[in-house]
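**Student:** The structure under discussion is supplied below as structure tokens; questions concerning it will follow.
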Amino acid sequence: MTDPAAAPTADDRFAPGARVRTFRHDPPHHTRLPRYARGKRGTVVEPEGPAALADVNARGRGDAPVEQIYAVRFAARDLWGEGDHHVVLDLWESYLEEDSDDER
Amino acid sequence: MTSGDPAGGHSDASISRKVRRLETLLEEKGVLTGTQLDEALDAFLAGASPASGARVVARAWTDAGFRSRLLADGTAAVRELGYMEGAEQRLRVVENTASTHNVIVCTLCSCYPLRLLGPSPSWYKSEAYRSRVVREPRAVLEEFGLRLPETTDITVWDSSAETRYMVLPRRPEGTQGLAEEELAALVTRNALIGTAVL
Amino acid sequence: MARINDVGGTQGFGPVDTTDDTEPFHADWEARVFGIWNALRAQGVFNLDEFRDTVESMPPTEYLATSYYERWYLALVALLERKGVIAPGELDEPGGAR
């Protein structure tokens with residue numbers, strides 16, 4: 001992408017191609033990590049540009065942290081146990097953790 | 001589901017009265033004025049319709065430089081044509097090829113490139129579409145009359161944050177002689193969402 | 001537990017009604033709800049995440065029994081009451097429910 005908003009920056013925790021795992025946590029508040037994609041392994045496509053974290057912004061206090069959002073690609077088999085398609089979600093940085101090889 | 005639907009909606013007259021009451025109350029409180037509401041709505045939806053998306057697609061089919069800019073930075077490229085000025089959200093255009101197909105959804109609510117394409121169709125907002133297209137896209141696409149080859153790699157884009165998506169469909173065969181406006185007339189809204197091909 | 005709006009992968013909603021409705025709104029009141037929502041959002045009375053949060057917090061039975069823009073109307077009222085823009089009960093019609 002040449003969109004300047006989405007150019008990788010030195011502050012990004014994840015680079016394109018990084019293997020990540022989404023958080024398993026089921027938060028008792030607004031979130032933009034759908035339940036079908038919780039605790040799942042995927043691959044970072046690219047950064048999408050930073051924005052206020054929706055989970056905190058939903059409280060309307062104007063104090064939400066601004067985080068990088070990443071397009072993350074998941075294989076249907078990893079989401080549903082079957083299927084040959086892929087699903088891409090746009091996920092805030094704090095929804096993601098590194099998926100190290102030795103966990104697999 | 002539309003209002004008055006036996007499955008649950010309330011009658012049009014009843015909800016219509018309630019909405020008028022809310023609008024009047026907000027006007028009485030000085031929070032809103034009638035003209036402000038209309039002007040803001042006109043400004044928000046100015047130029048937003050499937051025809052705008054079709055024009056973007058036709059330009060991409062006929063101008064290779066525009067096509068590269070559109071795929072690299074959708075927001076900036078559609079601004080060249082006067083669309084989505086001042087939009088808060090980014091636009092990302094995803095391209096169908098001979099072996100790949102893209103389809104757009106928002107499973108959590110109804111995110112859609114409103115500022116370019118106008119309000120979304122009812123089916124896009126339905127629980128049936130939102131729940132199933134991420135799980136069984138081939139079956140859902142067949143309900144739209146679209147049967148893709150088994151070998152086509154399908155990507156479903158679930159608009160879960162600040163980016164809005166539009167599909168760049170493949171240019172139909174046998175359209176070499178057509179002018180840009182004639183090409184735009186071939187592009188349907190469903191093709192821009194990925195529930196149809198041309 | 002996820003909220004009722006979080007339907008990705010949920011089974012049982014049946015086939016998609018693929019009718020291609022070309023009109024952006026099906027009744028004038030839907031356009032008015034959209035217009036009120038748009039004006040209040042543009043003025044910063046609430047942000048998009050607060051609005052989504054309010055829609056999602058509807059009781060599941062009510063969420064599934066209401067049309068798309070009815071949900072928007074109900075969420076607008078709930079959010080405006082919570083923010084003190086309108087008082088609870090202020091919208092009630094004389095002798096009738098809201």
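Just remember, in the structure tokens the first chain shown is A, the second B, etc., residues are 1-based per chain, and ligands are 1-based in the order shown.
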Please provide as number ranges by chain all residues within 12 Å of A:Arg13, with the sequence filter that same-chain residues fewer than 3 positions apart are discarded (counting only C-alpha atoms).
**Tutor:** A: 8-10, 16, 18-20, 44, 46-47, 67-70, 92-98
**Student:** Return as a compact mmCIF listing (two decimals) with all heavy atoms, in the first residue's frame the full set of residues in stretch 62-160 of chain B whose backbone-based DSSP assignment is helix (DSSP H, G or I).
**Tutor:**
```
# COMPACT_ATOMS: atom_id res chain seq x y z
N THR B 62 -10.15 1.34 -17.76
CA THR B 62 -9.69 2.00 -18.98
C THR B 62 -8.40 2.80 -18.78
O THR B 62 -7.85 3.31 -19.74
CB THR B 62 -10.78 2.98 -19.51
OG1 THR B 62 -11.17 3.85 -18.45
CG2 THR B 62 -11.99 2.22 -20.01
N ALA B 64 -4.84 2.41 -16.78
CA ALA B 64 -4.00 1.53 -15.96
C ALA B 64 -3.35 2.30 -14.80
O ALA B 64 -3.19 1.75 -13.70
CB ALA B 64 -2.93 0.88 -16.82
N GLY B 65 -3.01 3.55 -15.04
CA GLY B 65 -2.40 4.35 -13.98
C GLY B 65 -3.38 4.56 -12.84
O GLY B 65 -3.03 4.42 -11.66
N PHE B 66 -4.64 4.88 -13.20
CA PHE B 66 -5.66 5.07 -12.17
C PHE B 66 -5.90 3.77 -11.41
O PHE B 66 -6.03 3.78 -10.18
CB PHE B 66 -6.97 5.57 -12.80
CG PHE B 66 -8.07 5.78 -11.79
CD1 PHE B 66 -8.08 6.91 -10.99
CD2 PHE B 66 -9.07 4.83 -11.62
CE1 PHE B 66 -9.07 7.09 -10.03
CE2 PHE B 66 -10.07 5.00 -10.66
CZ PHE B 66 -10.06 6.14 -9.88
N ARG B 67 -5.92 2.66 -12.15
CA ARG B 67 -6.14 1.36 -11.51
C ARG B 67 -5.07 1.09 -10.45
O ARG B 67 -5.39 0.68 -9.33
CB ARG B 67 -6.13 0.26 -12.57
CG ARG B 67 -6.30 -1.13 -11.99
CD ARG B 67 -6.25 -2.21 -13.07
NE ARG B 67 -5.82 -3.46 -12.50
CZ ARG B 67 -4.53 -3.76 -12.26
NH1 ARG B 67 -3.58 -2.92 -12.58
NH2 ARG B 67 -4.23 -4.91 -11.71
N SER B 68 -3.79 1.36 -10.77
CA SER B 68 -2.74 1.13 -9.77
C SER B 68 -2.91 2.05 -8.57
O SER B 68 -2.73 1.62 -7.44
CB SER B 68 -1.34 1.36 -10.32
OG SER B 68 -1.28 1.11 -11.66
N ARG B 69 -3.26 3.32 -8.85
CA ARG B 69 -3.44 4.24 -7.72
C ARG B 69 -4.63 3.83 -6.86
O ARG B 69 -4.60 3.91 -5.63
CB ARG B 69 -3.65 5.68 -8.23
CG ARG B 69 -2.43 6.25 -8.94
CD ARG B 69 -2.50 7.77 -9.07
NE ARG B 69 -3.61 8.25 -9.90
CZ ARG B 69 -3.63 8.24 -11.25
NH1 ARG B 69 -2.59 7.74 -11.92
NH2 ARG B 69 -4.66 8.70 -11.91
N LEU B 70 -5.69 3.33 -7.51
CA LEU B 70 -6.90 2.91 -6.79
C LEU B 70 -6.60 1.74 -5.86
O LEU B 70 -7.07 1.70 -4.72
CB LEU B 70 -7.98 2.52 -7.81
CG LEU B 70 -9.34 2.11 -7.25
CD1 LEU B 70 -10.05 3.31 -6.62
CD2 LEU B 70 -10.22 1.50 -8.35
N LEU B 71 -5.82 0.78 -6.36
CA LEU B 71 -5.51 -0.39 -5.54
C LEU B 71 -4.51 -0.05 -4.44
O LEU B 71 -4.51 -0.66 -3.38
CB LEU B 71 -4.99 -1.53 -6.41
CG LEU B 71 -6.00 -2.07 -7.44
CD1 LEU B 71 -5.34 -3.11 -8.34
CD2 LEU B 71 -7.23 -2.67 -6.75
N ALA B 72 -3.66 0.96 -4.69
CA ALA B 72 -2.65 1.34 -3.70
C ALA B 72 -3.24 2.21 -2.61
O ALA B 72 -2.88 2.10 -1.44
CB ALA B 72 -1.50 2.07 -4.39
N GLY B 74 -7.09 3.67 -2.12
CA GLY B 74 -8.45 3.88 -2.63
C GLY B 74 -9.00 5.26 -2.30
O GLY B 74 -9.63 5.92 -3.14
N THR B 75 -8.76 5.72 -1.07
CA THR B 75 -9.32 7.01 -0.62
C THR B 75 -8.84 8.14 -1.53
O THR B 75 -9.64 8.96 -1.99
CB THR B 75 -8.89 7.31 0.82
OG1 THR B 75 -8.75 6.07 1.54
CG2 THR B 75 -9.89 8.20 1.53
N ALA B 76 -7.52 8.18 -1.77
CA ALA B 76 -6.96 9.26 -2.59
C ALA B 76 -7.42 9.14 -4.04
O ALA B 76 -7.74 10.14 -4.69
CB ALA B 76 -5.43 9.23 -2.52
N ALA B 77 -7.48 7.92 -4.56
CA ALA B 77 -7.84 7.74 -5.97
C ALA B 77 -9.28 8.16 -6.24
O ALA B 77 -9.55 8.82 -7.25
CB ALA B 77 -7.62 6.28 -6.37
N VAL B 78 -10.23 7.81 -5.34
CA VAL B 78 -11.62 8.20 -5.63
C VAL B 78 -11.79 9.72 -5.45
O VAL B 78 -12.68 10.31 -6.06
CB VAL B 78 -12.68 7.42 -4.82
CG1 VAL B 78 -12.55 5.92 -5.10
CG2 VAL B 78 -12.62 7.71 -3.34
N ARG B 79 -10.93 10.33 -4.66
CA ARG B 79 -10.98 11.80 -4.53
C ARG B 79 -10.63 12.48 -5.86
O ARG B 79 -11.12 13.56 -6.15
CB ARG B 79 -10.06 12.29 -3.43
CG ARG B 79 -10.79 12.38 -2.12
CD ARG B 79 -9.97 12.93 -0.98
NE ARG B 79 -10.59 12.45 0.25
CZ ARG B 79 -9.95 12.08 1.34
NH1 ARG B 79 -8.64 12.17 1.39
NH2 ARG B 79 -10.60 11.64 2.39
N GLU B 80 -9.77 11.83 -6.65
CA GLU B 80 -9.45 12.39 -7.97
C GLU B 80 -10.73 12.57 -8.78
O GLU B 80 -10.84 13.46 -9.62
CB GLU B 80 -8.54 11.44 -8.76
CG GLU B 80 -7.14 11.29 -8.22
CD GLU B 80 -6.35 10.27 -9.06
OE1 GLU B 80 -6.63 10.12 -10.26
OE2 GLU B 80 -5.46 9.62 -8.48
N LEU B 114 -20.57 3.84 2.60
CA LEU B 114 -21.72 4.75 2.45
C LEU B 114 -21.39 6.02 1.68
O LEU B 114 -22.18 6.50 0.90
CB LEU B 114 -22.11 5.23 3.85
CG LEU B 114 -23.17 4.57 4.67
CD1 LEU B 114 -23.29 5.30 6.00
CD2 LEU B 114 -24.49 4.63 3.94
N ARG B 115 -20.20 6.57 1.98
CA ARG B 115 -19.85 7.87 1.40
C ARG B 115 -19.59 7.77 -0.09
O ARG B 115 -19.56 8.77 -0.78
CB ARG B 115 -18.61 8.45 2.11
CG ARG B 115 -18.82 8.73 3.57
CD ARG B 115 -19.70 9.95 3.79
NE ARG B 115 -19.15 11.18 3.25
CZ ARG B 115 -18.43 12.05 3.94
NH1 ARG B 115 -18.18 11.84 5.21
NH2 ARG B 115 -17.99 13.15 3.38
N LEU B 116 -19.36 6.55 -0.57
CA LEU B 116 -19.18 6.35 -2.00
C LEU B 116 -20.42 5.73 -2.64
O LEU B 116 -20.87 6.18 -3.70
CB LEU B 116 -17.97 5.43 -2.25
CG LEU B 116 -17.65 5.14 -3.72
CD1 LEU B 116 -17.28 6.43 -4.47
CD2 LEU B 116 -16.50 4.14 -3.84
N LEU B 117 -21.00 4.71 -2.00
CA LEU B 117 -22.06 3.91 -2.64
C LEU B 117 -23.46 4.23 -2.12
O LEU B 117 -24.43 3.67 -2.62
CB LEU B 117 -21.78 2.42 -2.46
CG LEU B 117 -20.44 1.89 -2.99
CD1 LEU B 117 -20.33 0.38 -2.76
CD2 LEU B 117 -20.26 2.22 -4.46
N SER B 122 -30.78 -3.89 1.88
CA SER B 122 -31.28 -4.53 3.11
C SER B 122 -30.58 -5.86 3.38
O SER B 122 -30.29 -6.18 4.53
CB SER B 122 -32.79 -4.77 3.01
OG SER B 122 -33.46 -3.54 3.02
N TRP B 123 -30.33 -6.64 2.33
CA TRP B 123 -29.73 -7.96 2.58
C TRP B 123 -28.35 -7.83 3.22
O TRP B 123 -27.94 -8.70 3.99
CB TRP B 123 -29.67 -8.80 1.30
CG TRP B 123 -28.89 -8.23 0.14
CD1 TRP B 123 -29.41 -7.63 -0.97
CD2 TRP B 123 -27.46 -8.21 -0.03
NE1 TRP B 123 -28.39 -7.23 -1.81
CE2 TRP B 123 -27.18 -7.57 -1.26
CE3 TRP B 123 -26.39 -8.67 0.74
CZ2 TRP B 123 -25.88 -7.38 -1.74
CZ3 TRP B 123 -25.09 -8.48 0.27
CH2 TRP B 123 -24.85 -7.84 -0.96
N TYR B 124 -27.63 -6.74 2.91
CA TYR B 124 -26.29 -6.56 3.47
C TYR B 124 -26.35 -6.42 4.99
O TYR B 124 -25.42 -6.78 5.70
CB TYR B 124 -25.65 -5.32 2.83
CG TYR B 124 -24.21 -5.09 3.23
CD1 TYR B 124 -23.17 -5.73 2.56
CD2 TYR B 124 -23.88 -4.23 4.28
CE1 TYR B 124 -21.85 -5.53 2.93
CE2 TYR B 124 -22.56 -4.02 4.65
CZ TYR B 124 -21.55 -4.67 3.98
OH TYR B 124 -20.24 -4.46 4.35
N LYS B 125 -27.48 -5.84 5.47
CA LYS B 125 -27.65 -5.60 6.90
C LYS B 125 -28.33 -6.78 7.60
O LYS B 125 -28.49 -6.76 8.81
CB LYS B 125 -28.52 -4.34 7.11
CG LYS B 125 -27.86 -3.09 6.51
CD LYS B 125 -28.70 -1.84 6.73
CE LYS B 125 -29.71 -1.65 5.65
NZ LYS B 125 -29.69 -0.29 5.04
N GLU B 127 -29.20 -10.43 9.27
CA GLU B 127 -28.46 -11.40 10.07
C GLU B 127 -28.06 -12.61 9.22
O GLU B 127 -27.01 -13.21 9.43
CB GLU B 127 -29.29 -11.87 11.27
CG GLU B 127 -29.29 -10.92 12.45
CD GLU B 127 -30.16 -9.70 12.23
OE1 GLU B 127 -31.22 -9.83 11.58
OE2 GLU B 127 -29.78 -8.60 12.70
N ALA B 128 -28.93 -12.97 8.26
CA ALA B 128 -28.64 -14.15 7.43
C ALA B 128 -27.32 -13.96 6.67
O ALA B 128 -26.45 -14.83 6.69
CB ALA B 128 -29.79 -14.41 6.46
N TYR B 129 -27.18 -12.80 6.01
CA TYR B 129 -25.95 -12.54 5.25
C TYR B 129 -24.75 -12.41 6.18
O TYR B 129 -23.70 -13.02 5.96
CB TYR B 129 -26.13 -11.27 4.41
CG TYR B 129 -24.91 -10.92 3.58
CD1 TYR B 129 -24.58 -11.66 2.45
CD2 TYR B 129 -24.07 -9.88 3.95
CE1 TYR B 129 -23.45 -11.36 1.69
CE2 TYR B 129 -22.94 -9.56 3.20
CZ TYR B 129 -22.64 -10.31 2.07
OH TYR B 129 -21.51 -10.01 1.34
N ARG B 130 -24.91 -11.61 7.23
CA ARG B 130 -23.78 -11.32 8.12
C ARG B 130 -23.28 -12.58 8.83
O ARG B 130 -22.09 -12.76 9.06
CB ARG B 130 -24.18 -10.25 9.14
CG ARG B 130 -24.32 -8.85 8.51
CD ARG B 130 -25.08 -7.90 9.42
NE ARG B 130 -24.62 -7.99 10.79
CZ ARG B 130 -25.39 -7.82 11.85
NH1 ARG B 130 -26.68 -7.53 11.72
NH2 ARG B 130 -24.89 -7.91 13.06
N SER B 131 -24.21 -13.46 9.22
CA SER B 131 -23.78 -14.64 9.97
C SER B 131 -23.14 -15.68 9.05
O SER B 131 -22.21 -16.36 9.45
CB SER B 131 -24.98 -15.27 10.69
OG SER B 131 -25.97 -15.70 9.77
N ARG B 132 -23.62 -15.77 7.80
CA ARG B 132 -23.23 -16.92 6.99
C ARG B 132 -22.09 -16.69 6.02
O ARG B 132 -21.38 -17.63 5.67
CB ARG B 132 -24.47 -17.44 6.24
CG ARG B 132 -25.50 -18.04 7.21
CD ARG B 132 -26.73 -18.53 6.49
NE ARG B 132 -26.38 -19.35 5.35
CZ ARG B 132 -26.98 -19.27 4.15
NH1 ARG B 132 -27.97 -18.44 3.96
NH2 ARG B 132 -26.58 -20.05 3.17
N PRO B 137 -19.17 -18.91 2.35
CA PRO B 137 -19.37 -17.94 1.27
C PRO B 137 -19.89 -18.56 -0.03
O PRO B 137 -20.72 -17.95 -0.70
CB PRO B 137 -17.98 -17.32 1.07
CG PRO B 137 -17.02 -18.25 1.73
CD PRO B 137 -17.78 -18.91 2.83
N ARG B 138 -19.45 -19.76 -0.35
CA ARG B 138 -19.92 -20.36 -1.62
C ARG B 138 -21.42 -20.57 -1.61
O ARG B 138 -22.12 -20.29 -2.59
CB ARG B 138 -19.21 -21.69 -1.89
CG ARG B 138 -17.83 -21.52 -2.43
CD ARG B 138 -17.13 -22.85 -2.69
NE ARG B 138 -15.71 -22.59 -2.86
CZ ARG B 138 -15.17 -22.18 -4.00
NH1 ARG B 138 -15.92 -22.01 -5.07
NH2 ARG B 138 -13.88 -21.93 -4.07
N ALA B 139 -21.94 -21.07 -0.49
CA ALA B 139 -23.38 -21.31 -0.39
C ALA B 139 -24.15 -19.99 -0.47
O ALA B 139 -25.19 -19.90 -1.13
CB ALA B 139 -23.70 -22.04 0.92
N VAL B 140 -23.63 -18.96 0.19
CA VAL B 140 -24.32 -17.66 0.18
C VAL B 140 -24.28 -17.07 -1.23
O VAL B 140 -25.29 -16.58 -1.73
CB VAL B 140 -23.68 -16.70 1.21
CG1 VAL B 140 -24.21 -15.28 1.04
CG2 VAL B 140 -23.95 -17.20 2.63
N LEU B 141 -23.13 -17.15 -1.89
CA LEU B 141 -23.02 -16.59 -3.24
C LEU B 141 -23.96 -17.32 -4.20
O LEU B 141 -24.53 -16.72 -5.11
CB LEU B 141 -21.57 -16.63 -3.73
CG LEU B 141 -20.60 -15.72 -2.95
CD1 LEU B 141 -19.18 -15.86 -3.47
CD2 LEU B 141 -21.05 -14.26 -2.99
N GLU B 142 -24.15 -18.61 -3.97
CA GLU B 142 -25.09 -19.35 -4.84
C GLU B 142 -26.51 -18.86 -4.66
O GLU B 142 -27.30 -18.87 -5.60
CB GLU B 142 -25.00 -20.86 -4.56
CG GLU B 142 -23.77 -21.46 -5.25
CD GLU B 142 -23.73 -22.98 -5.22
OE1 GLU B 142 -24.80 -23.61 -5.07
OE2 GLU B 142 -22.61 -23.53 -5.34
N GLU B 143 -26.85 -18.39 -3.45
CA GLU B 143 -28.18 -17.81 -3.24
C GLU B 143 -28.36 -16.52 -4.04
O GLU B 143 -29.47 -16.10 -4.33
CB GLU B 143 -28.44 -17.59 -1.75
CG GLU B 143 -28.67 -18.91 -1.03
CD GLU B 143 -28.63 -18.81 0.49
OE1 GLU B 143 -28.83 -17.71 1.04
OE2 GLU B 143 -28.39 -19.86 1.12
```
**Student:** As a PyMOL selection string, please: the residues near C:Leu40 (cut-off 10 Å, only C-alpha atoms, same-chain neighbours under 3 positions excluded).
**Tutor:** (chain B and resi 26+31-32+37+40) or (chain C and resi 35-37+43-47+76+80)
**Student:** Generate a file of the selected residues that holds N, CA and C atoms, formatted as a compact mmCIF listing (two decimals), in the first residue's frame.
**Tutor:**
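See out01.txt below for the written result:
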```
# COMPACT_ATOMS: atom_id res chain seq x y z
N LEU B 26 -35.84 17.51 19.87
CA LEU B 26 -34.45 17.95 19.71
C LEU B 26 -34.40 19.37 19.12
N VAL B 31 -30.98 21.46 20.01
CA VAL B 31 -29.91 20.53 19.65
C VAL B 31 -29.83 20.37 18.14
N LEU B 32 -30.98 20.46 17.50
CA LEU B 32 -31.08 20.26 16.05
C LEU B 32 -31.97 21.33 15.46
N LEU B 37 -30.49 19.33 9.77
CA LEU B 37 -30.63 17.90 9.55
C LEU B 37 -30.62 17.59 8.05
N ALA B 40 -27.17 18.49 6.41
CA ALA B 40 -26.12 17.53 6.78
C ALA B 40 -26.32 16.21 6.04
N GLY C 35 -30.97 10.85 9.34
CA GLY C 35 -30.60 12.27 9.36
C GLY C 35 -30.31 12.77 10.77
N ILE C 36 -31.15 12.38 11.72
CA ILE C 36 -30.93 12.78 13.13
C ILE C 36 -29.61 12.19 13.62
N TRP C 37 -29.41 10.91 13.35
CA TRP C 37 -28.17 10.22 13.74
C TRP C 37 -26.96 10.93 13.15
N GLN C 43 -22.07 16.60 15.01
CA GLN C 43 -21.88 17.63 16.03
C GLN C 43 -21.09 17.14 17.23
N GLY C 44 -20.80 15.84 17.26
CA GLY C 44 -20.04 15.30 18.38
C GLY C 44 -20.87 15.03 19.62
N VAL C 45 -22.21 14.94 19.46
CA VAL C 45 -23.06 14.58 20.61
C VAL C 45 -22.70 13.17 21.09
N PHE C 46 -22.34 12.32 20.15
CA PHE C 46 -21.83 10.99 20.51
C PHE C 46 -20.87 10.55 19.41
N ASN C 47 -20.03 9.55 19.72
CA ASN C 47 -19.18 8.98 18.65
C ASN C 47 -19.76 7.64 18.20
N LEU C 76 -30.83 5.65 19.69
CA LEU C 76 -30.71 7.11 19.80
C LEU C 76 -31.37 7.60 21.08
N LEU C 80 -29.34 9.31 24.11
CA LEU C 80 -29.63 10.71 24.44
C LEU C 80 -30.12 10.83 25.88
```
**Student:** Could you list, as JSON, numbers by chain, every residue within 7 Å of stretch 19-34 of chain C, counting only C-alpha atoms and ignoring same-chain residues fewer than 4 positions away?
**Tutor:** {"B": [16, 19, 119, 121, 122], "C": [38, 69, 73]}
**Student:** Residues near B:Gly118, anyone? I mean within 12 Å using only C-alpha atoms, not counting same-chain ones fewer than 3 positions away, as a short mmCIF file (atom, residue, chain, number, x, y, z; two decimals) with N, CA, C and O atoms, in the first residue's frame.
**Tutor:**
```
data_model
loop_
_atom_site.label_atom_id
_atom_site.label_comp_id
_atom_site.auth_asym_id
_atom_site.auth_seq_id
_atom_site.Cartn_x
_atom_site.Cartn_y
_atom_site.Cartn_z
N LEU B 41 -27.57 15.80 5.90
CA LEU B 41 -27.86 14.54 5.22
C LEU B 41 -27.51 14.65 3.74
O LEU B 41 -26.88 13.76 3.16
N ASP B 42 -27.88 15.79 3.13
CA ASP B 42 -27.56 16.00 1.71
C ASP B 42 -26.04 16.00 1.51
O ASP B 42 -25.53 15.41 0.56
N ALA B 43 -25.34 16.67 2.42
CA ALA B 43 -23.88 16.76 2.28
C ALA B 43 -23.25 15.38 2.46
O ALA B 43 -22.33 15.00 1.74
N PHE B 44 -23.79 14.64 3.44
CA PHE B 44 -23.21 13.33 3.75
C PHE B 44 -23.36 12.37 2.57
O PHE B 44 -22.47 11.61 2.24
N LEU B 45 -24.52 12.43 1.92
CA LEU B 45 -24.79 11.48 0.85
C LEU B 45 -24.57 12.07 -0.54
O LEU B 45 -24.88 11.43 -1.54
N ALA B 46 -23.99 13.28 -0.60
CA ALA B 46 -23.79 13.93 -1.90
C ALA B 46 -22.95 13.04 -2.81
O ALA B 46 -21.84 12.66 -2.47
N GLY B 47 -23.50 12.71 -3.94
CA GLY B 47 -22.75 11.92 -4.93
C GLY B 47 -22.60 10.46 -4.56
O GLY B 47 -21.99 9.69 -5.30
N ALA B 48 -23.15 10.05 -3.39
CA ALA B 48 -22.98 8.66 -2.97
C ALA B 48 -24.07 7.79 -3.59
O ALA B 48 -25.24 7.92 -3.25
N SER B 49 -23.68 6.92 -4.50
CA SER B 49 -24.64 5.98 -5.09
C SER B 49 -23.83 4.90 -5.81
O SER B 49 -22.65 5.10 -6.11
N PRO B 50 -24.47 3.76 -6.09
CA PRO B 50 -23.73 2.70 -6.81
C PRO B 50 -23.17 3.21 -8.14
O PRO B 50 -22.13 2.72 -8.60
N ALA B 51 -23.81 4.23 -8.74
CA ALA B 51 -23.31 4.78 -10.00
C ALA B 51 -21.92 5.39 -9.82
O ALA B 51 -21.10 5.36 -10.74
N SER B 52 -21.65 5.94 -8.63
CA SER B 52 -20.32 6.50 -8.37
C SER B 52 -19.27 5.38 -8.33
O SER B 52 -18.19 5.51 -8.90
N GLY B 53 -19.61 4.28 -7.65
CA GLY B 53 -18.70 3.14 -7.61
C GLY B 53 -18.48 2.59 -9.02
O GLY B 53 -17.35 2.22 -9.38
N TYR B 83 -15.02 12.01 -5.24
CA TYR B 83 -15.81 11.24 -4.27
C TYR B 83 -15.14 11.18 -2.90
O TYR B 83 -13.92 11.23 -2.79
N MET B 84 -15.96 11.03 -1.88
CA MET B 84 -15.54 10.80 -0.49
C MET B 84 -14.67 11.94 0.05
O MET B 84 -13.79 11.69 0.89
N CYS B 111 -21.07 -1.90 8.56
CA CYS B 111 -20.10 -0.99 7.94
C CYS B 111 -20.08 -1.21 6.43
O CYS B 111 -20.07 -2.36 5.96
N TYR B 112 -20.04 -0.14 5.70
CA TYR B 112 -20.24 -0.17 4.25
C TYR B 112 -19.70 1.15 3.71
O TYR B 112 -19.77 2.17 4.41
N PRO B 113 -19.18 1.20 2.48
CA PRO B 113 -18.68 2.48 1.96
C PRO B 113 -19.80 3.43 1.57
O PRO B 113 -19.97 3.81 0.42
N LEU B 114 -20.57 3.84 2.60
CA LEU B 114 -21.72 4.75 2.45
C LEU B 114 -21.39 6.02 1.68
O LEU B 114 -22.18 6.50 0.90
N ARG B 115 -20.20 6.57 1.98
CA ARG B 115 -19.85 7.87 1.40
C ARG B 115 -19.59 7.77 -0.09
O ARG B 115 -19.56 8.77 -0.78
N PRO B 121 -27.80 -2.14 0.66
CA PRO B 121 -29.07 -2.88 0.47
C PRO B 121 -29.48 -3.59 1.76
O PRO B 121 -28.64 -3.88 2.61
N ARG B 189 -24.41 -2.89 -8.33
CA ARG B 189 -24.05 -2.73 -6.91
C ARG B 189 -23.55 -4.05 -6.33
O ARG B 189 -22.56 -4.07 -5.58
N THR C 22 -33.38 -0.86 -4.40
CA THR C 22 -32.52 0.23 -4.86
C THR C 22 -32.77 1.54 -4.10
O THR C 22 -31.92 2.42 -4.11
N GLU C 23 -33.93 1.66 -3.46
CA GLU C 23 -34.19 2.89 -2.70
C GLU C 23 -33.35 2.87 -1.42
O GLU C 23 -33.36 1.87 -0.70
N PRO C 24 -32.63 3.96 -1.12
CA PRO C 24 -31.81 3.95 0.08
C PRO C 24 -32.62 3.81 1.37
O PRO C 24 -32.17 3.20 2.33
N PHE C 25 -33.82 4.38 1.39
CA PHE C 25 -34.68 4.26 2.58
C PHE C 25 -36.06 3.79 2.14
O PHE C 25 -36.51 4.12 1.05
#
```
**Student:** Measure the distance from atom CA of B:Arg59 to atom CA of B:Glu180 in Å and round it to one decimal.
**Tutor:** 6.6 Å
**Student:** Skipping near chain neighbours, those fewer than 4 positions away, what residues fall within 10 Å of stretch 89-93 of chain C using only C-alpha atoms, listed as a CSV table (one decimal) with C-alpha atoms, in the first residue's frame?
**Tutor:**
```csv
chain,number,residue,atom,x,y,z
B,17,ARG,CA,-44.9,9.4,14.9
B,18,LYS,CA,-42.2,8.6,17.4
B,19,VAL,CA,-39.4,9.7,15.1
B,21,ARG,CA,-41.7,13.5,18.2
B,22,LEU,CA,-37.9,12.9,18.8
B,24,THR,CA,-39.4,18.0,17.4
B,25,LEU,CA,-38.1,17.6,20.9
C,77,VAL,CA,-33.3,7.5,22.5
C,81,GLU,CA,-31.3,9.8,27.8
C,97,ALA,CA,-46.3,4.3,25.7
C,98,ARG,CA,-43.2,5.6,23.9
```
**Student:** Can I get the residues of chain C within 12 Å of chain A, each with the closest pair of atoms and their distance in Å to one decimal, using only C-alpha atoms, sorted chain first then ascending number, as a Markdown table?
**Tutor:**
```
| residue | atom | partner | partner_atom | distance |
| --- | --- | --- | --- | --- |
| C:Met1 | CA | A:Asp26 | CA | 6.8 |
| C:Ala2 | CA | A:Arg35 | CA | 6.5 |
| C:Arg3 | CA | A:His30 | CA | 8.5 |
| C:Ile4 | CA | A:Arg35 | CA | 11.0 |
| C:Asn5 | CA | A:Pro34 | CA | 9.6 |
| C:Asp6 | CA | A:Pro34 | CA | 6.1 |
| C:Val7 | CA | A:Pro34 | CA | 8.3 |
| C:Gly8 | CA | A:Tyr36 | CA | 6.4 |
| C:Gly9 | CA | A:Tyr36 | CA | 6.6 |
| C:Thr10 | CA | A:Tyr36 | CA | 9.0 |
| C:Arg41 | CA | A:Gly60 | CA | 11.9 |
| C:Gly44 | CA | A:Gly60 | CA | 10.0 |
| C:Val45 | CA | A:Gly60 | CA | 9.5 |
| C:Phe46 | CA | A:Gly60 | CA | 6.9 |
| C:Asn47 | CA | A:Gly60 | CA | 6.8 |
| C:Leu48 | CA | A:Ala58 | CA | 7.7 |
| C:Asp49 | CA | A:Ala58 | CA | 4.4 |
| C:Glu50 | CA | A:Ala58 | CA | 4.1 |
| C:Phe51 | CA | A:Ala58 | CA | 7.6 |
| C:Arg52 | CA | A:Ala58 | CA | 7.8 |
| C:Asp53 | CA | A:His30 | CA | 5.5 |
| C:Thr54 | CA | A:Ala58 | CA | 8.9 |
| C:Val55 | CA | A:His30 | CA | 10.3 |
| C:Glu56 | CA | A:His30 | CA | 7.9 |
| C:Ser57 | CA | A:His30 | CA | 8.7 |
| C:Leu79 | CA | A:Gly60 | CA | 10.8 |
| C:Arg82 | CA | A:Gly60 | CA | 11.4 |
| C:Lys83 | CA | A:Gly60 | CA | 9.9 |
```
